[in-house]
Amino acid sequence: MAVDPEAPEVIEPGVKAERSLSTLLSDLAGETVELLRQELTLFKAELQEKLSRAGIGAAALAAAALIAFSGWLFLLLAATYALAIVVPPWAAALIVGVLVLAIAGVLALIGRSRMRADALMPERTMRALREDQAWIKERFRQPAPTAGPDARI
């Protein structure tokens, strides 16, 4: 059987690998760095998604504030018409003002629901970090194998 020096090292399951401690530690460090890079990439992507949703929520709140201000102006106009002359034009202004305020209320509820703190939490990243933490704890809880007379250092 010919061995290709360029081929990646493959360790068969159940076969005891003869790898030095320095190689194992080097592999551990490299894989840890790669894991952290992947977690950071996931965090960035999820945070970008959450901030985009927060931007939409902020825009809805700004629109609600503008529409509420318009409604307030119509309500003030209605009160002015009602006090100045007691004729039907004030009723029309009152109806318009109430409708504008109702629209503003709906937009405010939509904006508030998109700005909730739990809606902005990076859930996938947090779940992955908890899984990594559990995996690391599990690995360090296992008792170390006892060294025999032919153990490599």
# chains A, B, ... in the order shown; residues from 1 in each chain; ligands from 1

$ residues_around --residues "Ala108 (chain A)" --least-positions-apart "2" --cutoff "12 Å" --atoms "only C-alpha atoms" --output "PDB file with N, CA and C atoms, in the first residue's frame"
ATOM      1  N   ILE A  56     -36.374  48.910  11.006  1.00  0.00           N
ATOM      2  CA  ILE A  56     -37.753  48.955  10.508  1.00  0.00           C
ATOM      3  C   ILE A  56     -38.698  49.367  11.632  1.00  0.00           C
ATOM      4  N   GLY A  57     -38.468  48.836  12.815  1.00  0.00           N
ATOM      5  CA  GLY A  57     -39.293  49.216  13.969  1.00  0.00           C
ATOM      6  C   GLY A  57     -39.149  50.692  14.305  1.00  0.00           C
ATOM      7  N   ALA A  58     -37.922  51.211  14.231  1.00  0.00           N
ATOM      8  CA  ALA A  58     -37.693  52.629  14.513  1.00  0.00           C
ATOM      9  C   ALA A  58     -38.382  53.504  13.462  1.00  0.00           C
ATOM     10  N   ALA A  59     -38.349  53.074  12.201  1.00  0.00           N
ATOM     11  CA  ALA A  59     -39.022  53.834  11.143  1.00  0.00           C
ATOM     12  C   ALA A  59     -40.532  53.844  11.371  1.00  0.00           C
ATOM     13  N   ALA A  60     -41.087  52.702  11.790  1.00  0.00           N
ATOM     14  CA  ALA A  60     -42.527  52.649  12.066  1.00  0.00           C
ATOM     15  C   ALA A  60     -42.886  53.568  13.238  1.00  0.00           C
ATOM     16  N   LEU A  61     -42.035  53.612  14.260  1.00  0.00           N
ATOM     17  CA  LEU A  61     -42.287  54.507  15.391  1.00  0.00           C
ATOM     18  C   LEU A  61     -42.201  55.978  14.963  1.00  0.00           C
ATOM     19  N   ALA A  62     -41.257  56.290  14.110  1.00  0.00           N
ATOM     20  CA  ALA A  62     -41.150  57.673  13.619  1.00  0.00           C
ATOM     21  C   ALA A  62     -42.378  58.042  12.799  1.00  0.00           C
ATOM     22  N   ALA A  63     -42.834  57.121  11.948  1.00  0.00           N
ATOM     23  CA  ALA A  63     -44.042  57.386  11.163  1.00  0.00           C
ATOM     24  C   ALA A  63     -45.251  57.555  12.087  1.00  0.00           C
ATOM     25  N   ALA A  64     -45.321  56.736  13.120  1.00  0.00           N
ATOM     26  CA  ALA A  64     -46.425  56.853  14.079  1.00  0.00           C
ATOM     27  C   ALA A  64     -46.404  58.210  14.767  1.00  0.00           C
ATOM     28  N   ALA A  65     -45.217  58.675  15.122  1.00  0.00           N
ATOM     29  CA  ALA A  65     -45.113  59.982  15.780  1.00  0.00           C
ATOM     30  C   ALA A  65     -45.559  61.111  14.843  1.00  0.00           C
ATOM     31  N   LEU A  66     -45.172  61.021  13.590  1.00  0.00           N
ATOM     32  CA  LEU A  66     -45.568  62.045  12.627  1.00  0.00           C
ATOM     33  C   LEU A  66     -47.082  62.041  12.405  1.00  0.00           C
ATOM     34  N   ILE A  67     -47.645  60.852  12.251  1.00  0.00           N
ATOM     35  CA  ILE A  67     -49.088  60.744  12.044  1.00  0.00           C
ATOM     36  C   ILE A  67     -49.851  61.171  13.295  1.00  0.00           C
ATOM     37  N   ALA A  68     -49.337  60.833  14.462  1.00  0.00           N
ATOM     38  CA  ALA A  68     -49.983  61.266  15.704  1.00  0.00           C
ATOM     39  C   ALA A  68     -49.968  62.785  15.820  1.00  0.00           C
ATOM     40  N   LEU A 101     -55.363  59.324  14.386  1.00  0.00           N
ATOM     41  CA  LEU A 101     -54.823  58.786  15.635  1.00  0.00           C
ATOM     42  C   LEU A 101     -54.943  57.262  15.706  1.00  0.00           C
ATOM     43  N   ALA A 102     -55.984  56.699  15.144  1.00  0.00           N
ATOM     44  CA  ALA A 102     -56.117  55.235  15.113  1.00  0.00           C
ATOM     45  C   ALA A 102     -55.012  54.606  14.265  1.00  0.00           C
ATOM     46  N   ILE A 103     -54.728  55.220  13.113  1.00  0.00           N
ATOM     47  CA  ILE A 103     -53.641  54.725  12.266  1.00  0.00           C
ATOM     48  C   ILE A 103     -52.300  54.826  13.004  1.00  0.00           C
ATOM     49  N   ALA A 104     -52.090  55.924  13.699  1.00  0.00           N
ATOM     50  CA  ALA A 104     -50.853  56.101  14.465  1.00  0.00           C
ATOM     51  C   ALA A 104     -50.738  55.043  15.559  1.00  0.00           C
ATOM     52  N   GLY A 105     -51.843  54.707  16.195  1.00  0.00           N
ATOM     53  CA  GLY A 105     -51.819  53.670  17.227  1.00  0.00           C
ATOM     54  C   GLY A 105     -51.416  52.316  16.674  1.00  0.00           C
ATOM     55  N   VAL A 106     -51.947  51.965  15.510  1.00  0.00           N
ATOM     56  CA  VAL A 106     -51.576  50.690  14.881  1.00  0.00           C
ATOM     57  C   VAL A 106     -50.090  50.676  14.548  1.00  0.00           C
ATOM     58  N   ILE A 110     -47.068  48.157  16.003  1.00  0.00           N
ATOM     59  CA  ILE A 110     -46.176  47.401  15.118  1.00  0.00           C
ATOM     60  C   ILE A 110     -44.714  47.732  15.444  1.00  0.00           C
ATOM     61  N   GLY A 111     -44.417  49.010  15.577  1.00  0.00           N
ATOM     62  CA  GLY A 111     -43.046  49.423  15.891  1.00  0.00           C
ATOM     63  C   GLY A 111     -42.578  48.909  17.233  1.00  0.00           C
ATOM     64  N   ARG A 112     -43.443  48.948  18.233  1.00  0.00           N
ATOM     65  CA  ARG A 112     -43.069  48.465  19.563  1.00  0.00           C
ATOM     66  C   ARG A 112     -42.808  46.968  19.553  1.00  0.00           C
ATOM     67  N   SER A 113     -43.603  46.214  18.807  1.00  0.00           N
ATOM     68  CA  SER A 113     -43.401  44.764  18.775  1.00  0.00           C
ATOM     69  C   SER A 113     -42.069  44.407  18.111  1.00  0.00           C
ATOM     70  N   ARG A 114     -41.620  45.215  17.162  1.00  0.00           N
ATOM     71  CA  ARG A 114     -40.333  44.946  16.507  1.00  0.00           C
ATOM     72  C   ARG A 114     -39.148  45.431  17.335  1.00  0.00           C
ATOM     73  N   MET A 115     -39.385  46.242  18.328  1.00  0.00           N
ATOM     74  CA  MET A 115     -38.300  46.787  19.140  1.00  0.00           C
ATOM     75  C   MET A 115     -38.164  46.081  20.493  1.00  0.00           C
TER      76      MET A 115
END

$ residues_around --residues "Lys50 (chain A)" --least-positions-apart "6" --cutoff "12 Å" --atoms "only C-alpha atoms" --output "PyMOL selection string"
chain A and resi 43-44+56-57+114-124

$ write_last_selection --atoms "N, CA and C atoms" --output "PDB file, in the first residue's frame"
ATOM      1  N   PHE A  43     -22.503  35.347  14.757  1.00  0.00           N
ATOM      2  CA  PHE A  43     -22.929  36.484  15.575  1.00  0.00           C
ATOM      3  C   PHE A  43     -23.110  37.732  14.718  1.00  0.00           C
ATOM      4  N   LYS A  44     -22.166  37.999  13.824  1.00  0.00           N
ATOM      5  CA  LYS A  44     -22.259  39.178  12.952  1.00  0.00           C
ATOM      6  C   LYS A  44     -23.492  39.096  12.060  1.00  0.00           C
ATOM      7  N   ILE A  56     -36.374  48.910  11.006  1.00  0.00           N
ATOM      8  CA  ILE A  56     -37.753  48.955  10.508  1.00  0.00           C
ATOM      9  C   ILE A  56     -38.698  49.367  11.632  1.00  0.00           C
ATOM     10  N   GLY A  57     -38.468  48.836  12.815  1.00  0.00           N
ATOM     11  CA  GLY A  57     -39.293  49.216  13.969  1.00  0.00           C
ATOM     12  C   GLY A  57     -39.149  50.692  14.305  1.00  0.00           C
ATOM     13  N   ARG A 114     -41.620  45.215  17.162  1.00  0.00           N
ATOM     14  CA  ARG A 114     -40.333  44.946  16.507  1.00  0.00           C
ATOM     15  C   ARG A 114     -39.148  45.431  17.335  1.00  0.00           C
ATOM     16  N   MET A 115     -39.385  46.242  18.328  1.00  0.00           N
ATOM     17  CA  MET A 115     -38.300  46.787  19.140  1.00  0.00           C
ATOM     18  C   MET A 115     -38.164  46.081  20.493  1.00  0.00           C
ATOM     19  N   ARG A 116     -38.939  45.026  20.748  1.00  0.00           N
ATOM     20  CA  ARG A 116     -38.827  44.301  22.012  1.00  0.00           C
ATOM     21  C   ARG A 116     -37.409  43.757  22.174  1.00  0.00           C
ATOM     22  N   ALA A 117     -36.935  43.718  23.411  1.00  0.00           N
ATOM     23  CA  ALA A 117     -35.569  43.248  23.677  1.00  0.00           C
ATOM     24  C   ALA A 117     -35.388  41.792  23.276  1.00  0.00           C
ATOM     25  N   ASP A 118     -36.381  40.938  23.521  1.00  0.00           N
ATOM     26  CA  ASP A 118     -36.221  39.517  23.170  1.00  0.00           C
ATOM     27  C   ASP A 118     -36.233  39.315  21.659  1.00  0.00           C
ATOM     28  N   ALA A 119     -36.821  40.240  20.892  1.00  0.00           N
ATOM     29  CA  ALA A 119     -36.799  40.120  19.439  1.00  0.00           C
ATOM     30  C   ALA A 119     -35.424  40.477  18.877  1.00  0.00           C
ATOM     31  N   LEU A 120     -34.609  41.197  19.659  1.00  0.00           N
ATOM     32  CA  LEU A 120     -33.287  41.611  19.201  1.00  0.00           C
ATOM     33  C   LEU A 120     -32.174  40.679  19.675  1.00  0.00           C
ATOM     34  N   MET A 121     -32.498  39.692  20.508  1.00  0.00           N
ATOM     35  CA  MET A 121     -31.493  38.766  21.029  1.00  0.00           C
ATOM     36  C   MET A 121     -30.986  37.848  19.914  1.00  0.00           C
ATOM     37  N   PRO A 122     -29.654  37.708  19.761  1.00  0.00           N
ATOM     38  CA  PRO A 122     -29.123  36.787  18.747  1.00  0.00           C
ATOM     39  C   PRO A 122     -29.270  35.336  19.213  1.00  0.00           C
ATOM     40  N   GLU A 123     -30.451  34.733  18.985  1.00  0.00           N
ATOM     41  CA  GLU A 123     -30.785  33.430  19.549  1.00  0.00           C
ATOM     42  C   GLU A 123     -29.907  32.298  19.026  1.00  0.00           C
ATOM     43  N   ARG A 124     -29.651  32.255  17.724  1.00  0.00           N
ATOM     44  CA  ARG A 124     -28.849  31.152  17.170  1.00  0.00           C
ATOM     45  C   ARG A 124     -27.432  31.182  17.726  1.00  0.00           C
TER      46      ARG A 124
END

$ closest_residue --among "A:Leu24, A:Ala54, A:Leu75, A:Leu107" --to "Ala92 (chain A)" --atoms "only C-alpha atoms"
A:Leu75

$ closest_residue --among "A:Leu28, A:Arg19, A:Leu47, A:Glu39" --to "Arg130 (chain A)" --atoms "only C-alpha atoms"
A:Glu39

$ residues_around --residues "Asp132 (chain A)" --least-positions-apart "4" --cutoff "12 Å" --atoms "only C-alpha atoms" --output "PDB file with N, CA and C atoms, in the first residue's frame"
ATOM      1  N   THR A  32     -10.005  25.333  17.894  1.00  0.00           N
ATOM      2  CA  THR A  32     -10.641  26.319  18.775  1.00  0.00           C
ATOM      3  C   THR A  32     -10.717  27.674  18.085  1.00  0.00           C
ATOM      4  N   LEU A  35     -13.392  27.462  15.461  1.00  0.00           N
ATOM      5  CA  LEU A  35     -14.719  27.507  16.086  1.00  0.00           C
ATOM      6  C   LEU A  35     -15.081  28.939  16.476  1.00  0.00           C
ATOM      7  N   LEU A  36     -14.136  29.657  17.061  1.00  0.00           N
ATOM      8  CA  LEU A  36     -14.407  31.043  17.450  1.00  0.00           C
ATOM      9  C   LEU A  36     -14.683  31.917  16.227  1.00  0.00           C
ATOM     10  N   GLN A  38     -16.027  30.902  13.408  1.00  0.00           N
ATOM     11  CA  GLN A  38     -17.367  30.558  12.929  1.00  0.00           C
ATOM     12  C   GLN A  38     -18.440  31.159  13.826  1.00  0.00           C
ATOM     13  N   GLU A  39     -18.216  31.127  15.136  1.00  0.00           N
ATOM     14  CA  GLU A  39     -19.186  31.718  16.068  1.00  0.00           C
ATOM     15  C   GLU A  39     -19.274  33.227  15.848  1.00  0.00           C
ATOM     16  N   THR A 125     -26.864  32.366  17.840  1.00  0.00           N
ATOM     17  CA  THR A 125     -25.511  32.483  18.384  1.00  0.00           C
ATOM     18  C   THR A 125     -25.493  32.049  19.842  1.00  0.00           C
ATOM     19  N   MET A 126     -26.463  32.503  20.612  1.00  0.00           N
ATOM     20  CA  MET A 126     -26.513  32.123  22.025  1.00  0.00           C
ATOM     21  C   MET A 126     -26.685  30.610  22.181  1.00  0.00           C
ATOM     22  N   ARG A 127     -27.538  29.998  21.350  1.00  0.00           N
ATOM     23  CA  ARG A 127     -27.745  28.553  21.410  1.00  0.00           C
ATOM     24  C   ARG A 127     -26.445  27.817  21.073  1.00  0.00           C
ATOM     25  N   ALA A 128     -25.751  28.278  20.034  1.00  0.00           N
ATOM     26  CA  ALA A 128     -24.496  27.635  19.633  1.00  0.00           C
ATOM     27  C   ALA A 128     -23.437  27.774  20.723  1.00  0.00           C
ATOM     28  N   ILE A 136     -17.614  21.512  25.916  1.00  0.00           N
ATOM     29  CA  ILE A 136     -16.324  21.690  26.591  1.00  0.00           C
ATOM     30  C   ILE A 136     -16.394  21.143  28.011  1.00  0.00           C
ATOM     31  N   LYS A 137     -17.479  21.436  28.720  1.00  0.00           N
ATOM     32  CA  LYS A 137     -17.622  20.911  30.083  1.00  0.00           C
ATOM     33  C   LYS A 137     -17.623  19.390  30.084  1.00  0.00           C
ATOM     34  N   GLU A 138     -18.316  18.799  29.112  1.00  0.00           N
ATOM     35  CA  GLU A 138     -18.378  17.336  29.020  1.00  0.00           C
ATOM     36  C   GLU A 138     -16.985  16.755  28.781  1.00  0.00           C
ATOM     37  N   ARG A 139     -16.201  17.400  27.930  1.00  0.00           N
ATOM     38  CA  ARG A 139     -14.854  16.907  27.620  1.00  0.00           C
ATOM     39  C   ARG A 139     -13.941  16.980  28.836  1.00  0.00           C
TER      40      ARG A 139
END

$ atom_distance --atom1 "CA of Gly97 (chain A)" --atom2 "CA of Leu73 (chain A)"
7.7 Å

$ atom_distance --atom1 "CA of Gly55 (chain A)" --atom2 "CA of Thr41 (chain A)"
21.1 Å

$ atom_distance --atom1 "CA of Trp72 (chain A)" --atom2 "CA of Val100 (chain A)"
8.6 Å
